[in-house]
Every structure is written in C-alpha cells, then in structure tokens.
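Trainee: Next comes the structure file input-v4.txt, holding compact mmCIF, C-alpha atoms and all ligand atoms.
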```txt
# COMPACT_ATOMS: atom_id res chain seq x y z
CA MET A 257 -31.80 -31.30 64.94
CA ARG A 258 -34.01 -31.35 68.05
CA ALA A 259 -35.52 -34.76 68.66
CA MET A 260 -37.32 -36.53 71.49
CA VAL A 261 -35.63 -39.90 71.58
CA THR A 262 -37.02 -42.98 73.32
CA MET A 263 -34.12 -44.87 74.87
CA GLY A 264 -35.85 -48.16 75.77
CA HIS A 265 -39.03 -49.71 77.15
CA GLY A 266 -40.22 -48.13 80.38
CA GLY A 267 -41.84 -45.00 81.82
CA LEU A 268 -41.98 -41.39 80.63
CA GLU A 269 -38.33 -40.89 81.68
CA GLN A 270 -37.30 -43.03 78.70
CA MET A 271 -38.08 -40.06 76.42
CA VAL A 272 -35.04 -37.80 76.31
CA LEU A 273 -34.71 -34.50 74.42
CA HIS A 274 -31.62 -34.15 72.23
CA THR A 275 -30.69 -30.88 70.52
CA ASP A 276 -27.93 -32.27 68.29
CA TRP A 277 -29.49 -35.45 66.93
CA PRO A 278 -28.38 -36.17 63.34
CA ARG A 279 -30.86 -35.03 60.71
CA PRO A 280 -31.95 -38.08 58.68
CA GLU A 281 -31.20 -38.32 54.94
CA PRO A 282 -33.87 -39.63 52.56
CA ALA A 283 -32.83 -43.01 51.12
CA PRO A 284 -33.85 -44.01 47.57
CA GLY A 285 -37.66 -43.96 47.32
CA GLU A 286 -37.99 -41.75 50.42
CA VAL A 287 -38.73 -38.11 51.26
CA LEU A 288 -37.45 -35.79 53.98
CA ILE A 289 -40.23 -33.95 55.86
CA LYS A 290 -39.81 -30.80 57.93
CA VAL A 291 -42.20 -31.63 60.75
CA ALA A 292 -44.73 -28.89 61.53
CA ALA A 293 -46.79 -30.95 64.01
CA CYS A 294 -46.97 -34.55 65.19
CA GLY A 295 -49.95 -36.17 66.92
CA LEU A 296 -49.77 -38.46 69.98
CA ASN A 297 -51.24 -41.94 70.02
CA ASN A 298 -51.54 -44.86 72.40
CA THR A 299 -49.38 -46.84 69.99
CA ASP A 300 -46.45 -44.63 71.07
CA VAL A 301 -47.34 -45.11 74.74
CA ASN A 302 -47.81 -48.88 74.40
CA THR A 303 -44.59 -49.35 72.42
CA ARG A 304 -42.60 -47.37 74.99
CA SER A 305 -44.09 -49.23 77.96
CA GLY A 306 -44.04 -52.64 76.23
CA TRP A 307 -47.80 -53.09 76.85
CA TYR A 308 -48.19 -55.17 73.67
CA SER A 309 -46.20 -58.03 75.24
CA LYS A 310 -48.29 -61.03 76.28
CA THR A 311 -46.55 -60.87 79.66
CA VAL A 312 -48.58 -57.68 80.33
CA THR A 313 -52.24 -58.26 81.17
CA ASP A 314 -53.08 -54.87 82.75
CA ALA A 315 -54.78 -51.86 81.21
CA THR A 316 -52.60 -49.18 79.62
CA THR A 317 -51.13 -47.04 82.43
CA GLY A 318 -48.38 -45.20 80.57
CA ASP A 319 -45.91 -46.29 83.27
CA ALA A 320 -43.30 -49.02 83.09
CA PHE A 321 -44.57 -52.57 83.70
CA GLU A 322 -42.84 -54.88 86.16
CA LYS A 323 -42.11 -57.46 83.49
CA VAL A 324 -42.13 -57.02 79.71
CA GLY A 325 -41.32 -59.96 77.44
CA GLU A 326 -38.15 -59.40 75.44
CA ASP A 327 -39.47 -61.23 72.38
CA ASP A 328 -42.86 -59.54 71.84
CA PRO A 329 -42.92 -55.96 73.25
CA THR A 330 -44.34 -54.18 70.17
CA TRP A 331 -47.57 -54.14 68.12
CA GLY A 332 -46.17 -56.64 65.58
CA GLY A 333 -45.05 -59.12 68.24
CA ASN A 334 -41.33 -58.51 67.65
CA PRO A 335 -38.56 -56.57 69.42
CA ILE A 336 -37.50 -53.15 68.07
CA THR A 337 -34.21 -51.33 68.39
CA PHE A 338 -33.45 -48.24 70.51
CA PRO A 339 -32.78 -45.33 70.47
CA ARG A 340 -36.00 -44.70 68.55
CA ILE A 341 -37.84 -41.50 67.59
CA GLN A 342 -41.56 -42.25 67.99
CA GLY A 343 -44.56 -40.36 66.53
CA ALA A 344 -46.62 -41.53 63.56
CA ASP A 345 -48.95 -38.63 62.75
CA ILE A 346 -46.88 -36.00 60.99
CA CYS A 347 -48.13 -32.91 59.24
CA GLY A 348 -45.26 -31.15 57.50
CA GLU A 349 -43.57 -30.12 54.28
CA ILE A 350 -41.42 -32.23 51.98
CA VAL A 351 -38.04 -30.47 51.83
CA ALA A 352 -35.89 -33.07 50.04
CA VAL A 353 -36.30 -36.33 48.12
CA GLY A 354 -34.18 -39.44 47.76
CA ALA A 355 -33.04 -41.05 44.51
CA GLY A 356 -35.90 -42.11 42.27
CA VAL A 357 -38.42 -39.67 43.75
CA ASP A 358 -39.71 -36.80 41.59
CA SER A 359 -38.37 -33.48 42.93
CA ALA A 360 -41.79 -31.95 42.16
CA HIS A 361 -42.79 -33.33 45.59
CA ILE A 362 -40.55 -30.74 47.29
CA GLY A 363 -42.73 -28.06 48.88
CA GLN A 364 -45.81 -30.28 49.22
CA ARG A 365 -47.80 -30.14 52.44
CA VAL A 366 -48.29 -33.74 53.54
CA ILE A 367 -49.62 -36.01 56.26
CA THR A 368 -48.15 -39.44 56.85
CA ASP A 369 -49.67 -42.89 56.47
CA GLY A 370 -48.17 -44.82 59.40
CA TRP A 371 -48.31 -48.29 57.80
CA LEU A 372 -44.93 -49.01 56.21
CA ARG A 373 -45.42 -51.66 53.58
CA ASP A 374 -42.59 -53.52 51.93
CA PRO A 375 -42.26 -51.77 48.51
CA ASN A 376 -41.42 -55.16 46.93
CA ASP A 377 -44.24 -57.03 48.66
CA PRO A 378 -46.89 -54.41 49.58
CA GLU A 379 -49.75 -56.89 50.07
CA ASN A 380 -47.83 -58.92 52.65
CA MET A 381 -49.24 -57.86 56.04
CA ASP A 382 -46.44 -59.69 57.86
CA LYS A 383 -43.86 -57.46 56.20
CA THR A 384 -45.53 -54.28 57.47
CA GLY A 385 -43.96 -51.92 59.98
CA TYR A 386 -45.36 -48.95 61.86
CA TYR A 387 -43.96 -45.45 61.80
CA GLY A 388 -42.20 -44.55 65.06
CA SER A 389 -41.94 -48.25 65.93
CA GLU A 390 -40.07 -50.16 63.22
CA ARG A 391 -38.48 -46.92 61.95
CA ASP A 392 -38.02 -43.39 63.30
CA GLY A 393 -41.05 -41.10 63.20
CA GLY A 394 -42.03 -37.51 63.85
CA PHE A 395 -41.18 -36.40 67.40
CA ALA A 396 -38.34 -34.33 65.89
CA GLU A 397 -37.71 -31.37 63.60
CA TYR A 398 -37.21 -33.62 60.55
CA ALA A 399 -38.24 -37.13 59.59
CA THR A 400 -37.92 -39.40 56.56
CA THR A 401 -40.46 -41.86 55.24
CA LEU A 402 -41.30 -43.79 52.08
CA ALA A 403 -42.51 -41.36 49.41
CA VAL A 404 -45.76 -43.34 49.06
CA ASN A 405 -46.44 -42.78 52.78
CA ALA A 406 -46.34 -38.95 52.50
CA LEU A 407 -49.80 -37.99 51.24
CA PRO A 408 -50.33 -34.47 49.86
CA VAL A 409 -53.25 -32.70 51.50
CA LYS A 410 -55.03 -29.49 50.49
CA SER A 411 -56.86 -28.01 53.47
CA ASN A 412 -57.44 -24.82 55.41
CA LEU A 413 -56.95 -26.72 58.67
CA SER A 414 -53.92 -25.86 60.80
CA ASP A 415 -50.86 -28.14 60.94
CA ALA A 416 -51.83 -29.29 64.44
CA GLU A 417 -55.37 -30.09 63.30
CA LEU A 418 -54.10 -32.09 60.33
CA ALA A 419 -51.78 -34.03 62.67
CA THR A 420 -54.81 -35.47 64.52
CA PHE A 421 -56.14 -37.60 61.66
CA SER A 422 -53.77 -40.28 60.47
CA CYS A 423 -53.64 -42.96 63.16
CA SER A 424 -57.05 -42.46 64.81
CA TYR A 425 -59.14 -41.94 61.69
CA SER A 426 -57.50 -44.60 59.54
CA THR A 427 -57.85 -47.07 62.42
CA ALA A 428 -61.52 -46.17 62.77
CA GLU A 429 -62.21 -46.38 59.04
CA GLY A 430 -60.39 -49.72 58.91
CA MET A 431 -62.68 -51.07 61.66
CA LEU A 432 -65.85 -49.85 59.94
CA THR A 433 -64.67 -51.27 56.62
CA ARG A 434 -63.93 -54.71 58.09
CA ALA A 435 -67.37 -54.71 59.77
CA ASN A 436 -69.08 -53.54 56.55
CA VAL A 437 -70.93 -50.73 58.33
CA THR A 438 -73.72 -49.17 56.24
CA ASP A 439 -76.76 -46.94 56.69
CA ARG A 440 -78.72 -49.99 57.88
CA ASP A 441 -76.62 -50.25 61.05
CA THR A 442 -76.85 -48.90 64.56
CA VAL A 443 -73.27 -48.64 65.85
CA LEU A 444 -72.34 -48.48 69.55
CA VAL A 445 -69.01 -46.70 70.20
CA PRO A 446 -67.43 -47.05 73.67
CA GLY A 447 -64.61 -44.56 74.37
CA ALA A 448 -66.20 -42.03 71.99
CA SER A 449 -64.28 -39.18 73.64
CA GLY A 450 -60.99 -40.75 72.55
CA GLY A 451 -59.01 -40.33 69.35
CA VAL A 452 -60.27 -43.50 67.65
CA GLY A 453 -63.72 -43.33 69.29
CA GLY A 454 -64.36 -39.79 68.09
CA ALA A 455 -63.27 -40.79 64.61
CA LEU A 456 -65.58 -43.82 64.72
CA VAL A 457 -68.52 -41.57 65.55
CA GLN A 458 -67.85 -39.25 62.61
CA LEU A 459 -66.97 -41.96 60.10
CA ALA A 460 -69.94 -44.17 61.01
CA LYS A 461 -72.23 -41.12 60.64
CA ARG A 462 -70.57 -40.44 57.28
CA ARG A 463 -71.72 -43.91 56.19
CA GLY A 464 -75.27 -43.05 57.25
CA ALA A 465 -75.38 -45.33 60.31
CA ARG A 466 -77.19 -44.48 63.53
CA VAL A 467 -74.49 -43.90 66.17
CA ILE A 468 -74.68 -44.27 69.93
CA ALA A 469 -71.61 -42.92 71.72
CA MET A 470 -70.44 -43.89 75.22
CA ALA A 471 -68.24 -41.52 77.21
CA SER A 472 -67.61 -40.08 80.70
CA GLU A 473 -70.42 -37.63 81.38
CA VAL A 474 -68.14 -34.63 81.82
CA LYS A 475 -67.08 -35.08 78.19
CA HIS A 476 -70.61 -35.33 76.72
CA PRO A 477 -70.75 -31.69 75.49
CA ASP A 478 -67.57 -32.20 73.44
CA VAL A 479 -68.64 -35.63 72.20
CA ALA A 480 -71.97 -34.12 71.07
CA LYS A 481 -70.04 -31.87 68.65
CA LEU A 482 -68.91 -35.02 66.78
CA GLY A 483 -72.52 -35.68 65.78
CA PRO A 484 -73.69 -38.95 67.42
CA ASP A 485 -77.44 -39.61 67.58
CA ARG A 486 -77.26 -40.44 71.29
CA ILE A 487 -74.69 -40.37 74.07
CA LEU A 488 -74.66 -42.79 77.02
CA PRO A 489 -72.40 -42.76 80.08
CA ARG A 490 -69.07 -44.63 79.98
CA ALA A 491 -70.42 -47.82 81.60
CA PRO A 492 -74.15 -47.88 82.44
CA GLU A 493 -74.98 -50.46 85.10
CA ASN A 494 -77.71 -51.92 82.89
CA LEU A 495 -76.69 -51.25 79.29
CA ARG A 496 -79.80 -52.97 77.86
CA ALA A 497 -82.05 -50.67 79.89
CA ALA A 498 -79.98 -47.60 78.96
CA LEU A 499 -80.36 -48.48 75.27
CA GLY A 500 -84.14 -48.87 75.51
CA GLU A 501 -85.56 -49.93 72.12
CA GLU A 502 -82.27 -49.48 70.22
CA LYS A 503 -81.18 -52.50 68.16
CA VAL A 504 -77.38 -52.42 68.09
CA THR A 505 -76.05 -54.24 65.02
CA VAL A 506 -72.37 -53.23 65.39
CA VAL A 507 -70.12 -52.56 68.39
CA ALA A 508 -66.97 -50.70 67.32
CA ASP A 509 -64.65 -50.99 70.30
CA VAL A 510 -61.19 -49.85 71.42
CA VAL A 511 -61.91 -50.06 75.15
CA GLY A 512 -62.41 -53.75 76.16
CA GLY A 513 -61.67 -54.39 79.86
CA PRO A 514 -64.04 -55.52 82.62
CA TYR A 515 -67.15 -53.96 81.03
CA TRP A 516 -66.65 -55.87 77.78
CA PRO A 517 -69.23 -58.70 78.29
CA ASN A 518 -71.96 -56.03 78.48
CA LEU A 519 -71.03 -54.80 75.00
CA ILE A 520 -71.38 -58.29 73.52
CA ASP A 521 -74.61 -59.10 75.36
CA ILE A 522 -76.57 -56.26 73.75
CA LEU A 523 -75.64 -57.11 70.13
CA GLU A 524 -78.58 -58.15 67.93
CA ARG A 525 -78.64 -61.64 66.41
CA GLY A 526 -76.24 -61.60 63.46
CA GLY A 527 -74.46 -58.55 64.93
CA ARG A 528 -70.81 -57.64 64.39
CA TYR A 529 -68.11 -56.74 66.90
CA THR A 530 -65.05 -54.96 65.51
CA CYS A 531 -62.02 -54.13 67.65
CA SER A 532 -58.75 -52.18 67.34
CA GLY A 533 -57.75 -51.64 70.95
CA ALA A 534 -58.17 -52.45 74.62
CA ILE A 535 -57.43 -49.29 76.56
CA ALA A 536 -59.30 -50.57 79.67
CA GLY A 537 -57.54 -53.95 79.56
CA PRO A 538 -56.84 -56.77 77.10
CA MET A 539 -58.17 -59.68 79.19
CA VAL A 540 -61.95 -60.08 78.92
CA GLU A 541 -64.53 -62.67 79.96
CA PHE A 542 -65.89 -64.22 76.78
CA ASP A 543 -68.99 -66.44 76.87
CA LEU A 544 -68.75 -68.53 73.71
CA ARG A 545 -72.46 -69.30 73.93
CA THR A 546 -73.34 -65.67 73.28
CA PHE A 547 -71.02 -65.68 70.29
CA TYR A 548 -72.37 -68.74 68.50
CA LEU A 549 -75.98 -68.87 69.67
CA ARG A 550 -76.52 -65.31 68.44
CA ASP A 551 -74.62 -65.71 65.16
CA LEU A 552 -72.13 -62.95 65.91
CA THR A 553 -69.12 -62.02 63.75
CA PHE A 554 -65.89 -60.66 65.28
CA THR A 555 -63.30 -58.73 63.25
CA GLY A 556 -59.94 -57.55 64.52
CA SER A 557 -58.39 -54.63 62.66
CA THR A 558 -54.83 -53.35 62.70
CA VAL A 559 -52.91 -53.48 59.39
CA ILE A 560 -55.13 -51.75 56.86
CA ASP A 561 -55.25 -51.27 53.13
CA PRO A 562 -53.45 -48.12 51.84
CA GLN A 563 -56.72 -47.01 50.25
CA VAL A 564 -58.12 -46.36 53.73
CA MET A 565 -55.67 -43.52 54.40
CA ARG A 566 -56.17 -42.13 50.88
CA ASN A 567 -59.91 -42.03 51.67
CA ILE A 568 -59.22 -40.18 54.93
CA VAL A 569 -57.34 -37.49 52.96
CA LYS A 570 -60.30 -37.24 50.56
CA TYR A 571 -62.73 -36.84 53.50
CA ILE A 572 -60.50 -34.10 55.01
CA GLU A 573 -60.29 -32.22 51.73
CA THR A 574 -64.05 -32.36 51.24
CA ASP A 575 -64.86 -31.41 54.86
CA GLN A 576 -66.61 -34.74 55.52
CA ILE A 577 -64.70 -35.17 58.80
CA LYS A 578 -63.37 -32.65 61.28
CA PRO A 579 -60.45 -32.70 63.70
CA ALA A 580 -60.88 -32.92 67.46
CA LEU A 581 -57.78 -31.10 68.68
CA ALA A 582 -57.67 -30.99 72.49
CA ALA A 583 -54.26 -29.33 73.06
CA THR A 584 -50.83 -28.66 71.64
CA TYR A 585 -47.50 -28.89 73.49
CA PRO A 586 -43.97 -27.94 72.41
CA LEU A 587 -41.78 -30.94 71.56
CA GLU A 588 -39.62 -30.42 74.65
CA ASP A 589 -42.74 -30.97 76.80
CA LEU A 590 -43.60 -34.33 75.24
CA ARG A 591 -43.41 -36.05 78.64
CA ASP A 592 -46.07 -33.63 79.98
CA ALA A 593 -48.09 -34.05 76.79
CA GLN A 594 -48.07 -37.85 77.20
CA ALA A 595 -48.93 -37.58 80.90
CA ALA A 596 -51.97 -35.45 79.97
CA PHE A 597 -52.81 -37.82 77.11
CA ILE A 598 -52.78 -40.81 79.48
CA ALA A 599 -54.84 -38.99 82.13
CA LYS A 600 -57.67 -38.68 79.56
CA GLN A 601 -59.35 -35.59 80.93
CA HIS A 602 -59.69 -34.35 77.35
CA THR A 603 -61.80 -35.17 74.30
CA GLY A 604 -59.96 -35.80 71.02
CA ASN A 605 -56.25 -35.72 70.24
CA ILE A 606 -53.08 -34.05 71.59
CA VAL A 607 -50.34 -32.83 69.26
CA VAL A 608 -46.71 -31.70 69.73
CA ILE A 609 -45.06 -28.90 67.77
CA PRO A 610 -41.28 -29.20 67.21
N1 LIG B 1 -54.96 -51.19 66.10
C1 LIG B 1 -54.55 -49.96 65.80
O1 LIG B 1 -54.05 -49.70 64.71
C2 LIG B 1 -54.77 -48.85 66.79
C3 LIG B 1 -54.61 -47.53 66.41
C4 LIG B 1 -54.90 -46.54 67.29
C5 LIG B 1 -55.29 -46.89 68.60
N2 LIG B 1 -55.38 -48.17 68.97
C6 LIG B 1 -55.76 -48.56 70.34
O2 LIG B 1 -57.08 -48.13 70.63
C7 LIG B 1 -57.20 -47.83 72.02
C8 LIG B 1 -57.80 -46.45 72.19
O3 LIG B 1 -56.97 -45.50 71.56
P1 LIG B 1 -57.37 -43.97 71.51
O4 LIG B 1 -56.24 -43.28 70.90
O5 LIG B 1 -58.72 -43.80 70.96
O6 LIG B 1 -57.43 -43.66 73.07
P2 LIG B 1 -57.76 -42.35 73.86
O7 LIG B 1 -57.76 -41.16 72.97
O8 LIG B 1 -56.86 -42.37 75.02
O9 LIG B 1 -59.25 -42.61 74.30
C9 LIG B 1 -59.66 -43.74 74.96
C10 LIG B 1 -61.04 -43.44 75.56
O10 LIG B 1 -61.49 -44.63 76.19
C11 LIG B 1 -62.35 -44.28 77.27
N3 LIG B 1 -62.22 -45.24 78.35
C12 LIG B 1 -63.23 -46.00 78.78
N4 LIG B 1 -62.83 -46.79 79.76
C13 LIG B 1 -61.54 -46.50 79.97
C14 LIG B 1 -60.57 -46.99 80.87
N5 LIG B 1 -60.85 -47.93 81.79
N6 LIG B 1 -59.33 -46.47 80.81
C15 LIG B 1 -59.04 -45.53 79.91
N7 LIG B 1 -59.92 -45.01 79.03
C16 LIG B 1 -61.16 -45.51 79.06
C17 LIG B 1 -61.97 -42.85 77.67
O11 LIG B 1 -63.15 -42.09 77.54
P3 LIG B 1 -64.13 -41.74 78.73
O12 LIG B 1 -63.33 -41.20 79.86
O13 LIG B 1 -64.99 -40.71 78.10
O14 LIG B 1 -64.84 -43.01 79.07
C18 LIG B 1 -60.97 -42.37 76.62
O15 LIG B 1 -61.32 -41.12 76.09
C19 LIG B 1 -55.81 -48.01 72.60
O16 LIG B 1 -55.73 -49.30 73.19
C20 LIG B 1 -54.91 -47.92 71.39
O17 LIG B 1 -53.69 -48.61 71.57
C21 LIG B 1 -55.14 -49.16 68.09
```
Hey, can you dump this file as structure tokens for me?
Ligand SMILES: NC(=O)c1ccc[n+]([C@@H]2O[C@H](COP(=O)([O-])OP(=O)(O)OC[C@H]3O[C@@H](n4cnc5c(N)ncnc54)[C@H](OP(=O)(O)O)[C@@H]3O)[C@@H](O)[C@H]2O)c1
Mentor:
Amino acid sequence: MRAMVTMGHGGLEQMVLHTDWPRPEPAPGEVLIKVAACGLNNTDVNTRSGWYSKTVTDATTGDAFEKVGEDDPTWGGNPITFPRIQGADICGEIVAVGAGVDSAHIGQRVITDGWLRDPNDPENMDKTGYYGSERDGGFAEYATTLAVNALPVKSNLSDAELATFSCSYSTAEGMLTRANVTDRDTVLVPGASGGVGGALVQLAKRRGARVIAMASEVKHPDVAKLGPDRILPRAPENLRAALGEEKVTVVADVVGGPYWPNLIDILERGGRYTCSGAIAGPMVEFDLRTFYLRDLTFTGSTVIDPQVMRNIVKYIETDQIKPALAATYPLEDLRDAQAAFIAKQHTGNIVVIP
C-alpha cells in the first residue's frame, strides 16, 4: 500500500513516501480501515521533531531540534520505535475484522478515537498509547486499530470534514470537562483560529458559556463563523483594558509562551485555567502569588475518558458542532501539508487524502 512513513525524529525530510509498504492485518480485537481521509495535528509534528522531550524548551517550529532526549521524546515521556506511520484522525471504512470482532462492522463508516487504552486495564492512564505514536496510524491507504477505537458515524459531512474532529475536538471537550465549564462561565480562548482553539469556542458555546476568542486579526472573519461572543487580537498589549468589564472565569489554553502571565492575571478570583498545549512555548513565568492569593485552580488535560469521544460523535451527528476544514492535500504531499500547517496562515484543520 502507499504510506507516508516517519523514519526517525527530525525535520520534514523524515517523512518518506513508500508505495509498497505492507498492508497491516487486523489482530484479534482489531479492525482494518480503508483510510478515506486523515487529519493533521501538532501531536504528529511534535512526535516527529521530539518537541515533547524536556531537553527542548523552544516553541514548536516543525523543524529538527539541536538536541532531543533519547528517553523522553514523545507525549507519554517514553521512546517510540521507527519506522512509524503517524496520523491519528482517520475517517474511513471498516473493510476487515480480526478474530473476536463481529463481521457486521464491515462496511461501517468510522472515525477513530486516538487514545489506545489497554483492553485489560482500560482505566489505567499510564497504560495508554496514542494513535500514530505508540502504534501506526492513518497516513496510509489502510490502517488497523482496536475495534473499540473505530466509532461509527452517521453524517452528511465529507470524509475530509469528518477527519477534522477527533484529536482537536476531543482534546477541547476534555479540557472543558476537567474545568467544569457551564453556562455561568466566561471562557477566554487564546489560539482560537487553531484546531483545538476553534473546537474550544464551539464546545464552550455548546455548554452555554460566554466565549471570548483571541486570534491574529487577519483570521477574525473565519473565527467569527465559529460563534464566539467576542474576538480579541492574538496578544493585546493590555489584556485587562481590551476585556473591559468582562469577568473571565475560565482560560482554556493551548498557546502558553511569553504572553502566558497576562492570561493568568485577568482570571477572576476562584477562576480556572485549563491547558492541553503550549504552541508558543512550554516555559512560562509563573507568579505563585497570583495562583494562591486569587484562589485559582489549574487543570492539565491529555488522556481523556472514552466517553468524551463518544460525545463528540453524538454532537457531530446532531449538528451541534461543525468542522473547520482549511485545506486538503494528497498523501504524497504530506510534507507540504505539514509545512502549511506549521506556518499557521489558516483557520481550522488540514487533512490529507490517501
Ligand atoms: N494534549 C493533547 O491531547 C493535545 C491535543 C491536540 C493538540 N495539543 C496541543 O495544543 C497546541 C495547539 O494545537 P492546535 O492543533 O490547536 O494548533 P494549531 O491548529 O496550529 O493552532 C494554534 C493557534 O495558536 C495561535 N498562536 C498564538 N500564538 C502563537 C505562536 N507564538 N505560535 C504559533 N501559534 C500561535 C495561532 O493562531 P493566531 O495566529 O490566530 O494567533 C494558531 O492558529 C499544540 O501545542 C498541540 O501540541 C494537545
């Protein structure tokens, strides 16, 4: 089969197209999916570059880093093996099943839940892998996964549109769930033009919260289509003044970086900060006084409950959320697709078609 195979940690050149890669066979408890579309995510970029390693303190660049720790280069803090097919967000059709899986699944249109839980110990977060990291994913014509991770979806959306949801929207819903966001909250969303940020806007609105998005001004017309109540620039010099009378009770952040102290300073007493990423840089200046004197709560969010992704499917099927598809690329142009993804001139998600 055709597959884009990542050969090791490093730059875009590590992704190499193969036209005769062996088609995977579904093991017991697994399904084989014919991939119709597969979304791009920073997880793929960060795993390839080794950004997750504590030896890296820079923002995500998409390029190779000078030094990447050998012991902790992936999201879970462990090494992975290469060659590896990345890509977590598949939309496709089940075309075969492994032993123990009902053949009635064949023919189903599915999207994938990227969190690979140990079937014998599903509650154990330490035994969780990620699709395209700890096992091969969807940047190929075919992929296998655990049957429980292939979720049937009934929708009029295109394959590429359906391939935008899994990682971004489940991450966003996981953050909002951990921060207990309700209709009593005002939620500030930095990076609202991004995959997770755009999902945060829609999913916080779905909960009835007031939502204030932050994004580069050129992207404001596209961000407005996601339905926030207000949109601010990416990094106003005086965020308190830009917010006016708004009382921000939750900051839902995947940006971090040098601007980060401003996001914490504007939180109301008793406010919550929830975080799933640090695209502008992982090292931030943290004044502990702000944290304790204002009774703040911080929640990190990465490994999420399987119910979160089942809810995302329900929201898709009932038109409660919409895709933000920026562009599609053929699989053989995945390097160009990732270069465009990293350049961030777009709003929403980029998808490859095998
Ligand atoms: N924990 C998890 O499970 C999980 C899952 C998915 C993603 N993530 C992480 O979340 C972060 C964001 O992912 P994403 O897919 O939403 O990213 P994305 O689609 O690339 O969007 C990031 C947005 O951040 C904004 N931004 C603000 N300052 C920036 C800066 N200095 N450099 C780059 N972008 C900046 C950009 O918008 P403007 O130009 O409009 O400001 C951009 O649209 C990444 O670190 C990713 O690894 C984590």
Trainee: Please return as a PDB file with C-alpha atoms, in the frame of the given file the residues found within 7 Å of ligand LIG 1 (chain B), counting all atoms listed in the file.
Mentor:
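Once written, pocket12.pdb looks like this:
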```pdb
ATOM      1  CA  ASN A 297     -51.240 -41.940  70.020  1.00  0.00           C
ATOM      2  CA  ASN A 298     -51.540 -44.860  72.400  1.00  0.00           C
ATOM      3  CA  THR A 299     -49.380 -46.840  69.990  1.00  0.00           C
ATOM      4  CA  ASN A 302     -47.810 -48.880  74.400  1.00  0.00           C
ATOM      5  CA  CYS A 423     -53.640 -42.960  63.160  1.00  0.00           C
ATOM      6  CA  SER A 424     -57.050 -42.460  64.810  1.00  0.00           C
ATOM      7  CA  THR A 427     -57.850 -47.070  62.420  1.00  0.00           C
ATOM      8  CA  PRO A 446     -67.430 -47.050  73.670  1.00  0.00           C
ATOM      9  CA  GLY A 447     -64.610 -44.560  74.370  1.00  0.00           C
ATOM     10  CA  ALA A 448     -66.200 -42.030  71.990  1.00  0.00           C
ATOM     11  CA  SER A 449     -64.280 -39.180  73.640  1.00  0.00           C
ATOM     12  CA  GLY A 450     -60.990 -40.750  72.550  1.00  0.00           C
ATOM     13  CA  GLY A 451     -59.010 -40.330  69.350  1.00  0.00           C
ATOM     14  CA  VAL A 452     -60.270 -43.500  67.650  1.00  0.00           C
ATOM     15  CA  GLY A 453     -63.720 -43.330  69.290  1.00  0.00           C
ATOM     16  CA  MET A 470     -70.440 -43.890  75.220  1.00  0.00           C
ATOM     17  CA  ALA A 471     -68.240 -41.520  77.210  1.00  0.00           C
ATOM     18  CA  SER A 472     -67.610 -40.080  80.700  1.00  0.00           C
ATOM     19  CA  LYS A 475     -67.080 -35.080  78.190  1.00  0.00           C
ATOM     20  CA  ARG A 490     -69.070 -44.630  79.980  1.00  0.00           C
ATOM     21  CA  VAL A 510     -61.190 -49.850  71.420  1.00  0.00           C
ATOM     22  CA  VAL A 511     -61.910 -50.060  75.150  1.00  0.00           C
ATOM     23  CA  GLY A 513     -61.670 -54.390  79.860  1.00  0.00           C
ATOM     24  CA  SER A 532     -58.750 -52.180  67.340  1.00  0.00           C
ATOM     25  CA  GLY A 533     -57.750 -51.640  70.950  1.00  0.00           C
ATOM     26  CA  ALA A 534     -58.170 -52.450  74.620  1.00  0.00           C
ATOM     27  CA  ILE A 535     -57.430 -49.290  76.560  1.00  0.00           C
ATOM     28  CA  ALA A 536     -59.300 -50.570  79.670  1.00  0.00           C
ATOM     29  CA  SER A 557     -58.390 -54.630  62.660  1.00  0.00           C
ATOM     30  CA  THR A 558     -54.830 -53.350  62.700  1.00  0.00           C
ATOM     31  CA  VAL A 559     -52.910 -53.480  59.390  1.00  0.00           C
ATOM     32  CA  PHE A 597     -52.810 -37.820  77.110  1.00  0.00           C
ATOM     33  CA  ILE A 598     -52.780 -40.810  79.480  1.00  0.00           C
ATOM     34  CA  LYS A 600     -57.670 -38.680  79.560  1.00  0.00           C
ATOM     35  CA  GLN A 601     -59.350 -35.590  80.930  1.00  0.00           C
ATOM     36  CA  THR A 603     -61.800 -35.170  74.300  1.00  0.00           C
ATOM     37  CA  GLY A 604     -59.960 -35.800  71.020  1.00  0.00           C
ATOM     38  CA  ASN A 605     -56.250 -35.720  70.240  1.00  0.00           C
TER      39      ASN A 605
END
```
Trainee: Nearest to Pro329 in chain A: which of A:Val312, A:Ala595, A:Met381, A:Ala498 is it, counting all atoms listed in the file?
Mentor: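 Checking each of A:Val312, A:Ala595, A:Met381, A:Ala498 against Pro329 in chain A, counting all atoms listed in the file, the winner is A:Val312.
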Trainee: Using all atoms listed in the file for the distances, tell me which of A:Pro408, A:Pro579, A:Gly343, A:Pro375 is nearest to Leu459 in chain A.
Mentor: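 Ranked by minimum distance to Leu459 in chain A, first place goes to A:Pro579.
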Trainee: To one decimal in Å, tell me the separation between CA of Ile350 in chain A and CA of Ala419 in chain A.
Mentor: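 Interatomic distance here is 15.0 Å.
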Trainee: Using all atoms listed in the file, find the one residue out of A:Pro562, A:Pro339, A:Gly527, A:Gly388 that sits nearest to Phe547 in chain A.
Mentor: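 Looking only at the distances to Phe547 in chain A, the closest residue turns out to be A:Gly527.
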Trainee: So which one's closest to Val272 in chain A, A:Gln342, A:Thr546, A:Thr337, A:Thr316? Using all atoms listed in the file, please.
Mentor: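 Smallest distance to Val272 in chain A is found for A:Gln342.
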Trainee: When you look at Ala428 in chain A with a cut-off of 6 Å (counting only C-alpha atoms), what residues show up, excluding the ones that are within fewer than 2 positions of it in the same chain? I need them as a PyMOL selection string.
Mentor: chain A and resi 425-426+430-431+452+455-456
Trainee: Please put the answer as JSON: centre and edge lengths, in Å with one decimal, of a box along x, y and z that encloses all listed atoms of range 379-394 of chain A plus 6 Å on each side.
Mentor:
```
{"center_x": -43.9, "center_y": -48.6, "center_z": 58.0, "size_x": 23.7, "size_y": 34.2, "size_z": 27.9}
```
Trainee: Can you tell me, as a list in words, what residues are no more than 7 Å from range 362-367 of chain A when counting all atoms listed in the file, ignoring any on the same chain fewer than 5 positions away?
Mentor: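 Once the adjacent positions are removed, what remains is Ile346, Cys347, Gly348, Glu349, Ile350, Val351, Ala352, Ala406, Leu407, Pro408 and Val409 of chain A.
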Trainee: With all atoms listed in the file as the counted atoms, please give the residues lying no more than 9 Å from Ile568 in chain A, apart from itself and same-chain residues fewer than 5 positions off, as a PyMOL selection string.
Mentor: chain A and resi 421-422+425-426+429+563+573+577
Trainee: For CA of Tyr398 in chain A and CA of Asp369 in chain A, determine how far apart the two atoms are, in Å to one decimal place.
Mentor: 16.1 Å
Trainee: As an MDAnalysis selection string, please: the residues near Arg391 in chain A (cut-off 12 Å, only C-alpha atoms, same-chain neighbours under 3 positions excluded).
Mentor: chainID A and resid 280 336:344 370:373 384:388 394 399:402
Trainee: Separation of CA of Val608 in chain A and CA of Tyr585 in chain A, in Å?
Mentor: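 According to the coordinates, CA of Val608 in chain A and CA of Tyr585 in chain A are separated by 4.8 Å.
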Trainee: Closest to Ser411 in chain A among A:Ala396, A:Ala596, A:Leu523, A:Ile572, using all atoms listed in the file?
Mentor: A:Ile572
